[in-house]
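Colleague: Let me begin by handing over the structure; questions about it come next.
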Amino acid sequence: MAGAAHRAGFVALVGRPNVGKSTLLNRLVGEKMAIVSRRPQTTRTRITGIKHLPSAQVVFVDTPGLHAGRSRLGELMAKTAERAVEDVDIVCFVLEATEKPERVDTSGLEGLRPGRCPVFAVVNKTDLVAPKSKLLPLMAACRAAFAFQEIVPVSAETGENCDRLLGLIVGAMPERPPYFPRESLTDQPETFWVAEAIREKIFRLTHQEVPYACAVRVEELTERKRPECLYIRARIFVEHDSQKGILIGKSGATLKQIGTAARADLERFFGIKVFLELAVGVRHKWRTDERALREFGFHLTS
Ligand SMILES: Nc1nc2c(ncn2[C@@H]2O[C@H](COP(=O)(O)OP(=O)(O)OP(=O)(O)O)[C@@H](O)[C@H]2O)c(=O)[nH]1
Ligand SMILES: [Mg+2]
């Protein structure tokens, strides 16, 4: 075959909670993949999004924010992020442009053997900083803290400089054929995206500890003919009866809102009419219950 050599590789997005890793994943892939919220610790598992370019394929791996987890779920989230950097071709360490230079903390990169793979610092949320020269002390602090191959300021929100970041990533990737077929956006099953879409709406419509106490299990996902639709049945698990009440809301209003919003997202995602049936269950202390965690799909995938 003629033409330029094809490049392909895995790129991990790591960093503290809430710095915008998932927003960046969505921006770089060009599709809404990972769920985003204003609150920290939104992402719980390793999430992949695949960007296809004419002569490159980039598999982005979004991770839970680096954070000392106390529950078993927290430990699994931390391990997921640690493992993610072990077998990728490039690591992007994401931090906020508003971070104080003296607070730059690269300790999360310590597990990485020096020289094992290129590590980029991605200084996100530059839209919050003006003039741009104010970024210089932070970039200098990054340079002093770790041997980053590149330090790239971007705004995942506005897209500023994200094409340049993508170009640098592609340039640093190994030459090899694609890992996945052209049409695939992810290597995760449909049920995972359904559960995430529902979880995002819970983050949006409930408060305080409630979204953190929720897990979603998809119990049925079938394609139906006449009329053609995707029939989905899912159950949201909470830890206490009181949370169940909050989630359901007065006369079921909150659960209904969650379902309506999730259905709209899923119809966009799958490109087909969706029928979504939601129920709520209580599973005491599931975040520390090994069996429940496995049942809800929390296990190390790499
Ligand atoms: N102003 C601004 N806000 C951003 C930008 N990128 C992300 N955000 C916001 O930052 C918040 C956190 O974004 P996420 O993408 O969920 O952050 P995360 O790093 O994935 O967080 P965890 O999954 O909890 O580790 C959201 O409210 C985003 O809208 C950006 O470039 N500019
Ligand atoms: Mg996230």
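Letters A, B, ... go to the chains of the structure tokens in the order shown; residues in each chain start at 1; ligands are counted from 1 in the same order.
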Set the cut-off to 7 Å, count only C-alpha atoms and all ligand atoms, and list whatever residues fall near ligand 2 as a short mmCIF file (atom, residue, chain, number, x, y, z; two decimals) with all heavy atoms, in the first residue's frame.
Modeller:
```cif
data_model
loop_
_atom_site.label_atom_id
_atom_site.label_comp_id
_atom_site.auth_asym_id
_atom_site.auth_seq_id
_atom_site.Cartn_x
_atom_site.Cartn_y
_atom_site.Cartn_z
N ASN A 18 -11.72 16.60 38.49
CA ASN A 18 -12.32 17.87 38.08
C ASN A 18 -11.46 18.79 37.20
O ASN A 18 -11.83 19.93 36.94
CB ASN A 18 -12.77 18.67 39.32
CG ASN A 18 -14.15 19.24 39.12
OD1 ASN A 18 -14.99 18.62 38.47
ND2 ASN A 18 -14.37 20.44 39.62
N GLY A 20 -10.84 18.34 34.12
CA GLY A 20 -11.39 18.37 32.76
C GLY A 20 -10.92 17.25 31.85
O GLY A 20 -10.96 17.40 30.62
N LYS A 21 -10.52 16.13 32.42
CA LYS A 21 -10.05 15.00 31.60
C LYS A 21 -11.14 14.47 30.68
O LYS A 21 -10.91 14.23 29.50
CB LYS A 21 -9.56 13.85 32.51
CG LYS A 21 -8.41 14.24 33.42
CD LYS A 21 -8.04 13.12 34.37
CE LYS A 21 -9.13 12.78 35.37
NZ LYS A 21 -9.48 13.89 36.28
N SER A 22 -12.34 14.33 31.23
CA SER A 22 -13.43 13.76 30.43
C SER A 22 -13.90 14.74 29.36
O SER A 22 -14.22 14.34 28.24
CB SER A 22 -14.60 13.35 31.33
OG SER A 22 -14.18 12.36 32.25
N ALA A 34 -17.50 10.51 27.41
CA ALA A 34 -17.48 10.41 28.87
C ALA A 34 -18.41 11.42 29.49
O ALA A 34 -18.64 12.50 28.95
CB ALA A 34 -16.06 10.65 29.37
N ILE A 35 -18.94 11.09 30.66
CA ILE A 35 -19.81 12.03 31.34
C ILE A 35 -18.97 13.06 32.09
O ILE A 35 -17.87 12.80 32.55
CB ILE A 35 -20.83 11.33 32.26
CG1 ILE A 35 -20.19 10.72 33.50
CG2 ILE A 35 -21.59 10.27 31.50
CD1 ILE A 35 -21.23 10.15 34.45
N VAL A 36 -19.55 14.25 32.15
CA VAL A 36 -18.85 15.40 32.72
C VAL A 36 -19.77 16.01 33.77
O VAL A 36 -20.98 16.07 33.58
CB VAL A 36 -18.61 16.44 31.60
CG1 VAL A 36 -18.24 17.79 32.15
CG2 VAL A 36 -17.55 15.93 30.62
N GLN A 41 -14.69 13.60 40.99
CA GLN A 41 -14.91 12.15 41.05
C GLN A 41 -16.16 11.70 40.32
O GLN A 41 -16.95 10.92 40.84
CB GLN A 41 -14.94 11.67 42.49
CG GLN A 41 -13.58 11.83 43.15
CD GLN A 41 -13.63 11.43 44.60
OE1 GLN A 41 -13.85 10.27 44.89
NE2 GLN A 41 -13.45 12.38 45.48
N THR A 42 -16.31 12.22 39.12
CA THR A 42 -17.44 11.83 38.29
C THR A 42 -17.12 10.52 37.58
O THR A 42 -17.94 9.62 37.52
CB THR A 42 -17.70 12.95 37.25
OG1 THR A 42 -17.92 14.17 37.96
CG2 THR A 42 -18.90 12.63 36.40
N THR A 43 -15.91 10.45 37.02
CA THR A 43 -15.50 9.26 36.28
C THR A 43 -15.09 8.17 37.27
O THR A 43 -14.31 8.43 38.17
CB THR A 43 -14.32 9.59 35.36
OG1 THR A 43 -14.70 10.67 34.52
CG2 THR A 43 -13.94 8.39 34.50
N ASP A 62 -9.62 7.63 29.24
CA ASP A 62 -9.96 8.57 30.32
C ASP A 62 -9.97 7.78 31.63
O ASP A 62 -10.31 6.61 31.66
CB ASP A 62 -11.35 9.15 30.04
CG ASP A 62 -11.79 10.20 31.06
OD1 ASP A 62 -10.92 10.74 31.78
OD2 ASP A 62 -12.99 10.47 31.13
N THR A 63 -9.55 8.43 32.70
CA THR A 63 -9.41 7.71 33.97
C THR A 63 -10.07 8.49 35.11
O THR A 63 -10.29 9.69 35.00
CB THR A 63 -7.92 7.53 34.33
OG1 THR A 63 -7.33 8.82 34.56
CG2 THR A 63 -7.16 6.82 33.24
N PRO A 64 -10.35 7.81 36.22
CA PRO A 64 -10.85 8.54 37.40
C PRO A 64 -9.76 9.47 37.92
O PRO A 64 -8.58 9.13 37.85
CB PRO A 64 -11.13 7.43 38.41
CG PRO A 64 -11.17 6.15 37.64
CD PRO A 64 -10.27 6.36 36.46
N GLY A 65 -10.15 10.62 38.45
CA GLY A 65 -9.17 11.57 38.98
C GLY A 65 -8.30 10.96 40.08
O GLY A 65 -8.81 10.21 40.90
#
```
Colleague: For A:Leu168, work out the shell of residues within 12 Å, counting only C-alpha atoms and skipping chain neighbours fewer than 2 positions away, then give it as a PyMOL selection string.
Modeller: chain A and resi 11+58+90+92+118-122+149-152+161-166+170-173
Colleague: Apply DSSP to the structure's backbone, then extract all residues of stretch 102-275 of chain A labelled strand (DSSP E) and return them as a PyMOL selection string.
Modeller: chain A and resi 119-124+150-153+215-224+229-238+274-275
Colleague: Using only C-alpha atoms and all ligand atoms, which residues of the polymer chains come no farther than 9 Å from ligand 1? I'd like the answer as a PyMOL selection string.
Modeller: chain A and resi 13-26+34-44+62-67+94-97+123-128+154-160
Colleague: From the list A:Tyr212, A:Arg46, A:His52, A:Leu112, which residue is nearest A:Arg199 when using only C-alpha atoms?
Modeller: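 Ranking A:Tyr212, A:Arg46, A:His52, A:Leu112 by distance to A:Arg199, first place goes to A:Tyr212.
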Colleague: Could you work out how far atom CA of A:Gln257 lies from atom CA of A:Ile232, giving the answer in Å with one decimal?
Modeller: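 One can read the atom CA of A:Ile232 to atom CA of A:Gln257 distance as 16.3 Å.
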Colleague: Hey, what's within 12 Å of A:Thr288 if we count only C-alpha atoms and toss same-chain stuff fewer than 3 positions away? As a VMD selection string, please?
Modeller: chain A and resid 69 to 76 213 239 283 to 285 291 to 294 298
Colleague: Could you write out that same residue set with all heavy atoms as a compact mmCIF listing (two decimals), in the first residue's frame?
Modeller:
```txt
# COMPACT_ATOMS: atom_id res chain seq x y z
N GLY A 69 -8.50 7.27 47.68
CA GLY A 69 -9.83 6.72 47.91
C GLY A 69 -9.91 5.99 49.24
O GLY A 69 -8.99 5.30 49.63
N ARG A 70 -11.02 6.16 49.93
CA ARG A 70 -11.16 5.50 51.22
C ARG A 70 -11.98 4.23 51.11
O ARG A 70 -11.68 3.23 51.72
CB ARG A 70 -11.80 6.44 52.25
CG ARG A 70 -10.77 7.36 52.90
CD ARG A 70 -11.41 8.64 53.31
NE ARG A 70 -11.81 9.42 52.16
CZ ARG A 70 -12.85 10.21 52.13
NH1 ARG A 70 -13.64 10.32 53.14
NH2 ARG A 70 -13.13 10.92 51.03
N SER A 71 -13.04 4.26 50.29
CA SER A 71 -13.87 3.06 50.17
C SER A 71 -13.19 2.09 49.22
O SER A 71 -12.22 2.42 48.56
CB SER A 71 -15.25 3.44 49.62
OG SER A 71 -15.10 3.94 48.31
N ARG A 72 -13.73 0.88 49.12
CA ARG A 72 -13.22 -0.10 48.17
C ARG A 72 -13.41 0.44 46.75
O ARG A 72 -12.55 0.27 45.90
CB ARG A 72 -13.97 -1.43 48.37
CG ARG A 72 -13.54 -2.53 47.46
CD ARG A 72 -12.10 -2.96 47.71
NE ARG A 72 -11.68 -3.94 46.70
CZ ARG A 72 -10.53 -3.89 46.04
NH1 ARG A 72 -9.67 -2.92 46.28
NH2 ARG A 72 -10.22 -4.80 45.15
N LEU A 73 -14.52 1.12 46.51
CA LEU A 73 -14.74 1.72 45.19
C LEU A 73 -13.64 2.75 44.92
O LEU A 73 -13.06 2.79 43.83
CB LEU A 73 -16.11 2.39 45.11
CG LEU A 73 -16.39 3.18 43.83
CD1 LEU A 73 -16.37 2.27 42.60
CD2 LEU A 73 -17.73 3.90 43.91
N GLY A 74 -13.32 3.58 45.93
CA GLY A 74 -12.26 4.58 45.78
C GLY A 74 -10.92 3.93 45.45
O GLY A 74 -10.18 4.41 44.59
N GLU A 75 -10.63 2.83 46.11
CA GLU A 75 -9.37 2.11 45.84
C GLU A 75 -9.35 1.61 44.40
O GLU A 75 -8.34 1.72 43.71
CB GLU A 75 -9.27 0.87 46.74
CG GLU A 75 -8.69 1.12 48.12
CD GLU A 75 -8.88 -0.13 48.98
OE1 GLU A 75 -8.74 -1.26 48.46
OE2 GLU A 75 -9.20 0.04 50.17
N LEU A 76 -10.48 1.03 43.97
CA LEU A 76 -10.55 0.51 42.60
C LEU A 76 -10.36 1.64 41.59
O LEU A 76 -9.69 1.48 40.57
CB LEU A 76 -11.88 -0.18 42.35
CG LEU A 76 -12.00 -1.62 42.84
CD1 LEU A 76 -13.43 -2.11 42.70
CD2 LEU A 76 -11.08 -2.54 42.03
N ALA A 213 -23.62 7.83 45.69
CA ALA A 213 -24.16 6.60 46.27
C ALA A 213 -24.88 5.75 45.23
O ALA A 213 -25.41 4.70 45.54
CB ALA A 213 -25.10 6.93 47.42
N GLU A 239 -27.66 3.46 48.42
CA GLU A 239 -27.23 2.78 49.64
C GLU A 239 -28.28 2.78 50.77
O GLU A 239 -28.23 1.93 51.63
CB GLU A 239 -25.91 3.38 50.13
CG GLU A 239 -24.76 3.06 49.17
CD GLU A 239 -23.39 3.31 49.76
OE1 GLU A 239 -23.21 4.35 50.40
OE2 GLU A 239 -22.51 2.46 49.57
N ARG A 283 -29.08 -1.16 47.90
CA ARG A 283 -28.04 -2.17 48.19
C ARG A 283 -27.12 -1.54 49.21
O ARG A 283 -26.30 -0.69 48.87
CB ARG A 283 -27.31 -2.47 46.88
CG ARG A 283 -26.38 -3.63 46.93
CD ARG A 283 -27.14 -4.95 46.92
NE ARG A 283 -26.17 -6.02 46.82
CZ ARG A 283 -25.90 -6.66 45.70
NH1 ARG A 283 -26.54 -6.39 44.60
NH2 ARG A 283 -24.98 -7.60 45.68
N HIS A 284 -27.32 -1.95 50.47
CA HIS A 284 -26.59 -1.31 51.56
C HIS A 284 -25.09 -1.40 51.37
O HIS A 284 -24.56 -2.45 51.04
CB HIS A 284 -26.99 -1.92 52.90
CG HIS A 284 -28.41 -1.56 53.28
ND1 HIS A 284 -28.74 -0.30 53.70
CD2 HIS A 284 -29.56 -2.27 53.23
CE1 HIS A 284 -30.05 -0.26 53.92
NE2 HIS A 284 -30.57 -1.44 53.63
N LYS A 285 -24.42 -0.26 51.55
CA LYS A 285 -22.95 -0.19 51.52
C LYS A 285 -22.32 -0.85 50.29
O LYS A 285 -21.30 -1.50 50.40
CB LYS A 285 -22.39 -0.83 52.78
CG LYS A 285 -22.78 -0.08 54.04
CD LYS A 285 -21.91 -0.50 55.20
CE LYS A 285 -22.18 0.39 56.38
NZ LYS A 285 -21.83 -0.19 57.65
N ARG A 291 -18.68 -8.00 46.37
CA ARG A 291 -19.56 -8.71 45.45
C ARG A 291 -20.44 -7.76 44.66
O ARG A 291 -20.60 -7.89 43.44
CB ARG A 291 -20.45 -9.68 46.24
CG ARG A 291 -20.50 -11.01 45.56
CD ARG A 291 -21.43 -11.94 46.27
NE ARG A 291 -22.69 -12.02 45.55
CZ ARG A 291 -23.70 -12.76 45.97
NH1 ARG A 291 -23.61 -13.44 47.09
NH2 ARG A 291 -24.80 -12.82 45.26
N ALA A 292 -20.96 -6.76 45.36
CA ALA A 292 -21.80 -5.77 44.68
C ALA A 292 -20.98 -5.00 43.64
O ALA A 292 -21.45 -4.74 42.53
CB ALA A 292 -22.41 -4.81 45.70
N LEU A 293 -19.75 -4.67 44.01
CA LEU A 293 -18.89 -3.92 43.07
C LEU A 293 -18.68 -4.72 41.79
O LEU A 293 -18.77 -4.18 40.69
CB LEU A 293 -17.55 -3.59 43.73
CG LEU A 293 -17.59 -2.45 44.75
CD1 LEU A 293 -16.32 -2.40 45.57
CD2 LEU A 293 -17.80 -1.12 44.05
N ARG A 294 -18.43 -6.01 41.95
CA ARG A 294 -18.23 -6.86 40.76
C ARG A 294 -19.51 -6.90 39.94
O ARG A 294 -19.49 -6.77 38.71
CB ARG A 294 -17.85 -8.27 41.18
CG ARG A 294 -16.34 -8.52 41.18
CD ARG A 294 -16.01 -10.00 41.08
NE ARG A 294 -16.75 -10.83 42.02
CZ ARG A 294 -16.41 -11.02 43.29
NH1 ARG A 294 -15.32 -10.46 43.77
NH2 ARG A 294 -17.13 -11.79 44.07
N PHE A 298 -17.51 -3.10 38.42
CA PHE A 298 -16.23 -2.50 38.82
C PHE A 298 -15.19 -3.58 38.99
O PHE A 298 -15.21 -4.36 39.94
CB PHE A 298 -16.37 -1.72 40.13
CG PHE A 298 -17.26 -0.54 39.98
CD1 PHE A 298 -18.56 -0.57 40.44
CD2 PHE A 298 -16.80 0.60 39.34
CE1 PHE A 298 -19.39 0.52 40.27
CE2 PHE A 298 -17.62 1.69 39.18
CZ PHE A 298 -18.92 1.65 39.64
```
Colleague: Residues within 8 Å of A:Val85, please, as an NGL selection string. Count only C-alpha atoms; anything in the same chain fewer than 2 positions from it doesn't count.
Modeller: :A and (12 or 14 or 81-83 or 87-88 or 91 or 112)
Colleague: Kindly indicate which residue among A:Leu221, A:Met139, A:Leu247, A:Leu185 lies nearest to A:Pro153, using only C-alpha atoms for the distances.
Modeller: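 For A:Pro153, the nearest of the given residues is A:Met139.
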Colleague: For the structure I just gave you, how does DSSP split stretch 95-262 of chain A - specifically, which residues are alpha helix (DSSP H)? Reply as a ChimeraX atom specification.
Modeller: /A:136-145,162-171,190-205,241-248,253-262
